[in-house]
$ cat protein-v9.txt   # compact mmCIF, C-alpha atoms
# COMPACT_ATOMS: atom_id res chain seq x y z
CA MET E 43 -6.29 -17.96 14.12
CA LYS E 44 -4.78 -15.95 16.97
CA ASN E 45 -3.18 -12.63 16.11
CA ASN E 46 -0.98 -11.68 19.08
CA GLY E 47 1.18 -8.83 17.75
CA ILE E 48 0.24 -9.81 14.20
CA CYS E 49 -1.77 -7.37 12.09
CA ILE E 50 -2.27 -9.67 9.09
CA ARG E 51 -2.14 -13.46 8.99
CA THR E 52 -3.07 -15.63 6.02
CA GLU E 53 -3.16 -19.41 5.68
CA LYS E 54 -3.24 -21.06 2.26
CA LEU E 55 -5.06 -18.06 0.79
CA ASN E 56 -6.10 -18.55 -2.83
CA LYS E 57 -7.92 -16.55 -5.48
CA THR E 58 -8.78 -17.81 -8.94
CA PHE E 59 -10.51 -16.13 -11.85
CA GLY E 60 -11.73 -18.89 -14.12
CA THR E 61 -8.62 -20.85 -15.06
CA VAL E 62 -6.25 -18.14 -13.80
CA GLN E 63 -4.90 -18.53 -10.28
CA ALA E 64 -4.01 -14.99 -9.21
CA VAL E 65 -2.91 -15.87 -5.66
CA ARG E 66 -1.57 -19.32 -4.70
CA ASP E 67 -1.48 -20.75 -1.16
CA LEU E 68 -0.41 -17.47 0.42
CA ASP E 69 1.00 -17.90 3.94
CA LEU E 70 1.91 -14.48 5.28
CA GLU E 71 2.34 -12.69 8.60
CA VAL E 72 2.66 -8.91 8.99
CA SER E 73 3.53 -7.54 12.43
CA SER E 74 1.56 -4.69 13.94
CA GLY E 75 3.24 -1.31 13.50
CA SER E 76 5.47 -2.46 10.65
CA ARG E 77 5.98 -1.03 7.17
CA PHE E 78 5.55 -4.09 4.96
CA GLY E 79 6.49 -3.87 1.31
CA PHE E 80 4.74 -6.27 -1.07
CA LEU E 81 6.98 -6.49 -4.13
CA GLY E 82 6.29 -8.17 -7.42
CA PRO E 83 6.01 -7.57 -11.16
CA ASN E 84 2.79 -6.38 -12.73
CA GLY E 85 0.22 -9.19 -12.65
CA ALA E 86 1.93 -10.98 -9.76
CA GLY E 87 -1.21 -10.87 -7.61
CA LYS E 88 -0.42 -7.92 -5.32
CA THR E 89 -3.61 -5.95 -5.93
CA THR E 90 -5.75 -9.08 -5.73
CA THR E 91 -4.21 -9.84 -2.33
CA VAL E 92 -4.96 -6.33 -1.08
CA ARG E 93 -8.55 -6.54 -2.29
CA MET E 94 -9.04 -9.76 -0.33
CA LEU E 95 -7.35 -8.45 2.82
CA SER E 96 -9.25 -5.16 2.74
CA GLY E 97 -12.63 -6.87 2.48
CA LEU E 98 -13.38 -5.90 -1.12
CA MET E 99 -13.09 -9.41 -2.56
CA LYS E 100 -13.77 -12.87 -1.20
CA PRO E 101 -11.04 -15.50 -1.48
CA THR E 102 -11.58 -18.72 -3.39
CA SER E 103 -10.17 -20.75 -0.51
CA GLY E 104 -7.95 -20.45 2.52
CA ALA E 105 -8.27 -18.16 5.54
CA ALA E 106 -6.99 -14.83 6.79
CA THR E 107 -7.46 -12.36 9.61
CA VAL E 108 -6.82 -8.62 9.52
CA ILE E 109 -6.51 -6.94 12.93
CA GLY E 110 -8.20 -10.00 14.36
CA PHE E 111 -11.17 -9.92 11.97
CA ASP E 112 -11.97 -12.73 9.56
CA ILE E 113 -11.82 -11.54 5.93
CA GLU E 114 -14.93 -13.48 4.93
CA ARG E 115 -17.22 -13.09 7.94
CA GLN E 116 -16.19 -9.66 9.23
CA ARG E 117 -15.53 -7.61 6.11
CA ASP E 118 -17.38 -4.51 7.39
CA ASP E 119 -15.32 -4.57 10.59
CA ILE E 120 -12.13 -4.69 8.54
CA LYS E 121 -13.22 -1.74 6.42
CA SER E 122 -13.94 0.32 9.54
CA VAL E 123 -10.42 -0.05 10.98
CA THR E 124 -8.36 0.02 7.77
CA GLY E 125 -7.62 2.56 5.06
CA LEU E 126 -7.11 1.81 1.38
CA LEU E 127 -5.44 3.97 -1.24
CA PRO E 128 -5.86 2.16 -4.57
CA GLU E 129 -3.52 2.66 -7.51
CA SER E 130 -6.05 4.81 -9.43
CA PRO E 131 -8.22 6.57 -6.83
CA GLY E 132 -10.97 9.04 -7.60
CA LEU E 133 -10.57 12.72 -6.78
CA TYR E 134 -13.23 15.43 -7.20
CA SER E 135 -11.22 18.24 -8.76
CA LYS E 136 -13.97 20.86 -8.36
CA LEU E 137 -13.80 20.56 -4.57
CA SER E 138 -11.27 22.14 -2.27
CA ALA E 139 -9.07 19.95 -0.09
CA VAL E 140 -11.26 20.67 2.94
CA GLU E 141 -14.48 19.97 1.04
CA PHE E 142 -13.12 16.70 -0.31
CA LEU E 143 -12.00 15.55 3.13
CA GLU E 144 -15.34 16.59 4.64
CA PHE E 145 -17.07 14.47 1.99
CA ILE E 146 -14.86 11.45 2.69
CA GLY E 147 -15.36 11.93 6.44
CA ALA E 148 -19.14 11.95 6.00
CA LEU E 149 -18.93 8.66 4.10
CA LYS E 150 -17.08 7.22 7.10
CA GLY E 151 -19.65 8.54 9.57
CA MET E 152 -17.50 11.40 10.86
CA THR E 153 -19.02 14.83 11.50
CA GLY E 154 -18.65 18.02 13.51
CA ALA E 155 -15.69 19.07 15.63
CA VAL E 156 -14.04 15.64 15.58
CA LEU E 157 -13.90 15.63 11.78
CA ASN E 158 -12.77 19.27 11.59
CA ARG E 159 -9.93 18.70 14.06
CA ARG E 160 -8.77 15.63 12.16
CA ILE E 161 -8.81 17.48 8.84
CA GLU E 162 -6.83 20.40 10.23
CA LYS E 163 -4.27 18.08 11.82
CA LEU E 164 -3.71 16.12 8.62
CA LEU E 165 -3.50 19.19 6.39
CA SER E 166 -0.97 20.71 8.78
CA MET E 167 1.04 17.48 8.99
CA LEU E 168 1.15 17.25 5.19
CA GLY E 169 1.99 20.94 4.69
CA LEU E 170 -1.27 21.81 2.93
CA GLU E 171 -2.80 24.23 5.43
CA GLY E 172 -2.03 27.18 3.16
CA ARG E 173 -3.89 25.58 0.24
CA ARG E 174 -6.80 24.11 2.20
CA ASP E 175 -9.49 26.13 0.38
CA ASP E 176 -8.02 25.95 -3.14
CA LEU E 177 -9.70 23.71 -5.68
CA LEU E 178 -7.97 20.37 -6.18
CA GLU E 179 -7.74 21.01 -9.92
CA SER E 180 -5.06 23.61 -9.10
CA TYR E 181 -2.94 21.10 -7.17
CA SER E 182 0.18 19.38 -8.47
CA SER E 183 0.30 15.58 -8.68
CA GLY E 184 2.26 15.39 -5.45
CA MET E 185 -0.20 17.65 -3.63
CA LYS E 186 -3.15 15.61 -4.88
CA GLN E 187 -1.46 12.47 -3.62
CA LYS E 188 -1.06 14.15 -0.23
CA VAL E 189 -4.80 14.84 -0.11
CA LEU E 190 -5.56 11.24 -1.07
CA ILE E 191 -3.27 9.98 1.67
CA ALA E 192 -5.04 12.33 4.10
CA SER E 193 -8.40 10.89 3.04
CA THR E 194 -7.06 7.39 3.67
CA LEU E 195 -5.86 8.34 7.17
CA LEU E 196 -8.87 10.48 8.10
CA HIS E 197 -10.59 7.94 10.37
CA GLU E 198 -7.29 7.00 12.07
CA PRO E 199 -7.08 3.45 10.69
CA LYS E 200 -4.91 0.88 12.42
CA LEU E 201 -3.77 -0.50 9.06
CA VAL E 202 -3.29 1.32 5.76
CA PHE E 203 -3.10 -0.42 2.39
CA LEU E 204 -1.20 1.58 -0.24
CA ASP E 205 -1.32 0.15 -3.76
CA GLU E 206 1.51 1.59 -5.88
CA PRO E 207 1.47 4.92 -3.97
CA THR E 208 4.10 6.50 -6.21
CA SER E 209 2.74 5.43 -9.58
CA ARG E 210 2.12 8.35 -11.95
CA LEU E 211 4.25 10.62 -9.75
CA ASP E 212 7.41 12.46 -10.74
CA PRO E 213 10.55 11.71 -8.69
CA SER E 214 10.16 14.68 -6.34
CA ALA E 215 6.54 13.79 -5.57
CA ALA E 216 7.55 10.16 -5.01
CA VAL E 217 10.15 11.26 -2.46
CA LEU E 218 7.44 13.32 -0.78
CA VAL E 219 5.19 10.28 -0.41
CA LYS E 220 8.09 8.27 1.00
CA ASP E 221 8.78 10.95 3.60
CA ILE E 222 5.09 11.12 4.55
CA ILE E 223 4.98 7.38 5.24
CA LEU E 224 8.15 7.51 7.33
CA VAL E 225 6.89 10.47 9.38
CA LEU E 226 3.50 8.91 9.98
CA ALA E 227 5.10 5.62 10.95
CA GLU E 228 7.20 7.45 13.54
CA GLU E 229 4.31 9.49 14.95
CA THR E 230 1.64 6.78 15.03
CA SER E 231 1.38 3.02 15.54
CA THR E 232 -0.20 2.57 12.12
CA THR E 233 0.75 -0.51 10.11
CA PHE E 234 1.49 0.12 6.42
CA PHE E 235 1.03 -2.56 3.76
CA ILE E 236 2.59 -1.15 0.60
CA CYS E 237 2.25 -2.81 -2.80
CA THR E 238 4.95 -1.71 -5.21
CA HIS E 239 7.25 -2.91 -7.94
CA GLN E 240 9.77 -0.17 -7.16
CA THR E 241 12.55 -1.83 -5.21
CA SER E 242 14.34 1.40 -4.25
CA PHE E 243 11.16 2.74 -2.65
CA ALA E 244 10.66 -0.47 -0.69
CA GLU E 245 14.29 -0.58 0.42
CA GLU E 246 14.13 2.98 1.77
CA VAL E 247 10.68 2.82 3.38
CA CYS E 248 9.93 -0.75 4.48
CA ASP E 249 11.30 -2.66 7.44
CA MET E 250 9.95 -5.95 6.03
CA VAL E 251 9.46 -7.09 2.45
CA GLY E 252 7.64 -9.95 0.77
CA ILE E 253 8.24 -10.83 -2.89
CA LEU E 254 5.34 -12.24 -4.87
CA ASN E 255 5.79 -13.86 -8.27
CA GLN E 256 3.04 -15.44 -10.36
CA GLY E 257 0.75 -15.48 -7.34
CA GLN E 258 3.22 -17.20 -5.03
CA LEU E 259 5.10 -15.71 -2.10
CA VAL E 260 8.74 -16.39 -2.90
CA THR E 261 10.48 -14.87 0.12
CA THR E 262 9.97 -12.54 3.09
CA GLY E 263 12.33 -10.72 5.41
CA PRO E 264 14.05 -7.40 6.12
CA PRO E 265 15.39 -5.86 2.89
CA HIS E 266 19.03 -6.18 3.98
CA ALA E 267 18.55 -9.86 4.84
CA ILE E 268 17.03 -10.61 1.43
CA VAL E 269 19.91 -8.79 -0.23
CA GLU E 270 22.51 -10.72 1.77
CA SER E 271 20.88 -14.12 1.30
CA SER E 272 20.70 -13.54 -2.46
CA GLY E 273 24.31 -12.47 -2.71
CA ALA E 274 23.09 -9.25 -4.27
CA HIS E 275 24.29 -5.65 -4.26
CA ASP E 276 20.93 -4.11 -3.36
CA LEU E 277 17.24 -5.00 -3.27
CA GLU E 278 16.81 -4.42 -7.00
CA ASP E 279 19.58 -6.89 -7.75
CA ALA E 280 18.10 -9.40 -5.28
CA TYR E 281 14.62 -8.93 -6.76
CA LEU E 282 15.85 -9.61 -10.28
CA LYS E 283 17.72 -12.71 -9.13
CA ILE E 284 14.59 -14.02 -7.39
CA VAL E 285 11.90 -13.25 -10.00
CA GLY E 286 14.08 -13.11 -13.11
CA GLY E 287 14.37 -10.26 -15.56
CA LYS E 288 18.08 -9.62 -15.89
CA VAL E 289 19.08 -8.67 -19.40
CA ASP E 290 21.67 -10.86 -21.12
CA ARG E 291 23.70 -8.04 -22.67
CA GLU E 292 25.84 -10.34 -24.84
CA SER E 293 22.77 -11.94 -26.42
CA LEU E 294 21.09 -8.56 -26.77
CA LEU E 295 24.06 -7.13 -28.68
CA SER E 296 24.93 -10.27 -30.65
CA TRP E 297 23.30 -8.93 -33.81
CA ARG E 298 26.10 -6.39 -34.26
$ encode --input "protein-v9.txt" --output "structure tokens"
Amino acid sequence: MKNNGICIRTEKLNKTFGTVQAVRDLDLEVSSGSRFGFLGPNGAGKTTTVRMLSGLMKPTSGAATVIGFDIERQRDDIKSVTGLLPESPGLYSKLSAVEFLEFIGALKGMTGAVLNRRIEKLLSMLGLEGRRDDLLESYSSGMKQKVLIASTLLHEPKLVFLDEPTSRLDPSAAVLVKDIILVLAEETSTTFFICTHQTSFAEEVCDMVGILNQGQLVTTGPPHAIVESSGAHDLEDAYLKIVGGKVDRESLLSWR
């Protein structure tokens, strides 16, 4: 598969676990430099898709390339040029931000002045330079998420996978993460692939959205186009019309 201007391309990608088909015939294209939001309810197959695309899990069938690399034959190459922030990442709370980033850098083969410059740049960009030597256990949830994002971006990946980046965060910290993504998207050519079930976050951050339901890609397009084509008020309304989930208030209150 050729990938001219395309960061991710899948063709009939499938993943099954026993009798459960988590991802069904996924045909997807994500342009380089875009902020792609992957929406869907819990259990829709979003995380499974990310694990396949990031080289952590082999597909059952189908094909895909990520930055030109085949997800089955070139998994190590994919890992070297991508970053992944899972929904529940590990964080060593007895380390300082600098120590944690130095540890992550060493795991990625980074050392010396190059690593130090990258750490200082990221901490400055994320507003953490004044807390660089404080233990992570003293950080707020939002600050910890900043450090985790920094660790994901440390090796300057061309593509970053973010799996529910605002889960477990309070509203102010969630806004902070949104702003970080928008700033980084403006300052770099990094592609962001963001799994979320929060439609407001996707509508504000992403320039393209795909909606997954029960393992199947239901629709893709710019958020405003999906809203218009669904005859909806906003992306949340469109999402509920597409995947279901609207509450029938009359039936709900009929017991009175």
$ residues_around --input "protein-v9.txt" --residues "Ala280 in chain E" --least-positions-apart "6" --cutoff "6 Å" --atoms "only C-alpha atoms" --output "compact mmCIF listing (two decimals) with C-alpha atoms, in the coordinates of the input"
# COMPACT_ATOMS: atom_id res chain seq x y z
CA VAL E 269 19.91 -8.79 -0.23
CA SER E 272 20.70 -13.54 -2.46
CA ALA E 274 23.09 -9.25 -4.27
$ residues_around --input "protein-v9.txt" --residues "range 232-235 of chain E" --least-positions-apart "6" --cutoff "7 Å" --atoms "only C-alpha atoms" --output "compact mmCIF listing (two decimals) with C-alpha atoms, in the coordinates of the input"
# COMPACT_ATOMS: atom_id res chain seq x y z
CA SER E 74 1.56 -4.69 13.94
CA GLY E 75 3.24 -1.31 13.50
CA SER E 76 5.47 -2.46 10.65
CA ARG E 77 5.98 -1.03 7.17
CA PHE E 78 5.55 -4.09 4.96
CA GLY E 79 6.49 -3.87 1.31
CA LYS E 200 -4.91 0.88 12.42
CA LEU E 201 -3.77 -0.50 9.06
CA VAL E 202 -3.29 1.32 5.76
CA PHE E 203 -3.10 -0.42 2.39
CA LEU E 204 -1.20 1.58 -0.24
$ closest_residue --input "protein-v9.txt" --among "E:Ser96, E:Gln63, E:Ser180, E:Gln256" --to "Asp112 in chain E" --atoms "all atoms listed in the file"
E:Ser96
$ residues_around --input "protein-v9.txt" --residues "Leu164 in chain E" --least-positions-apart "2" --cutoff "9 Å" --atoms "all atoms listed in the file" --output "mmCIF file with C-alpha atoms, in the coordinates of the input"
data_model
loop_
_atom_site.group_PDB
_atom_site.id
_atom_site.type_symbol
_atom_site.label_atom_id
_atom_site.label_comp_id
_atom_site.auth_asym_id
_atom_site.auth_seq_id
_atom_site.Cartn_x
_atom_site.Cartn_y
_atom_site.Cartn_z
ATOM 1 C CA ARG E 159 -9.930 18.700 14.060
ATOM 2 C CA ARG E 160 -8.770 15.630 12.160
ATOM 3 C CA ILE E 161 -8.810 17.480 8.840
ATOM 4 C CA GLU E 162 -6.830 20.400 10.230
ATOM 5 C CA SER E 166 -0.970 20.710 8.780
ATOM 6 C CA MET E 167 1.040 17.480 8.990
ATOM 7 C CA LEU E 168 1.150 17.250 5.190
ATOM 8 C CA GLY E 169 1.990 20.940 4.690
ATOM 9 C CA LEU E 170 -1.270 21.810 2.930
ATOM 10 C CA GLU E 171 -2.800 24.230 5.430
ATOM 11 C CA VAL E 189 -4.800 14.840 -0.110
ATOM 12 C CA ALA E 192 -5.040 12.330 4.100
ATOM 13 C CA SER E 193 -8.400 10.890 3.040
ATOM 14 C CA LEU E 195 -5.860 8.340 7.170
ATOM 15 C CA LEU E 196 -8.870 10.480 8.100
#
$ residues_around --input "protein-v9.txt" --residues "His239 in chain E" --least-positions-apart "2" --cutoff "12 Å" --atoms "only C-alpha atoms" --output "PyMOL selection string"
chain E and resi 79-89+205-209+236-237+241-245+251-255+277-278+281-282+285
$ atom_distance --input "protein-v9.txt" --atom1 "CA of Pro199 in chain E" --atom2 "CA of Arg173 in chain E"
24.7 Å
$ closest_residue --input "protein-v9.txt" --among "E:Glu198, E:Lys163, E:Thr102, E:Leu211" --to "Ser182 in chain E" --atoms "all atoms listed in the file"
E:Leu211
$ atom_distance --input "protein-v9.txt" --atom1 "CA of Ser130 in chain E" --atom2 "CA of Met99 in chain E"
17.3 Å
$ residues_around --input "protein-v9.txt" --residues "Leu98 in chain E" --least-positions-apart "2" --cutoff "10 Å" --atoms "only C-alpha atoms" --output "ChimeraX atom specification"
/E:90,92-96,100-101,113-114,117-118,120-121
$ atom_distance --input "protein-v9.txt" --atom1 "CA of Pro265 in chain E" --atom2 "CA of Val247 in chain E"
9.9 Å
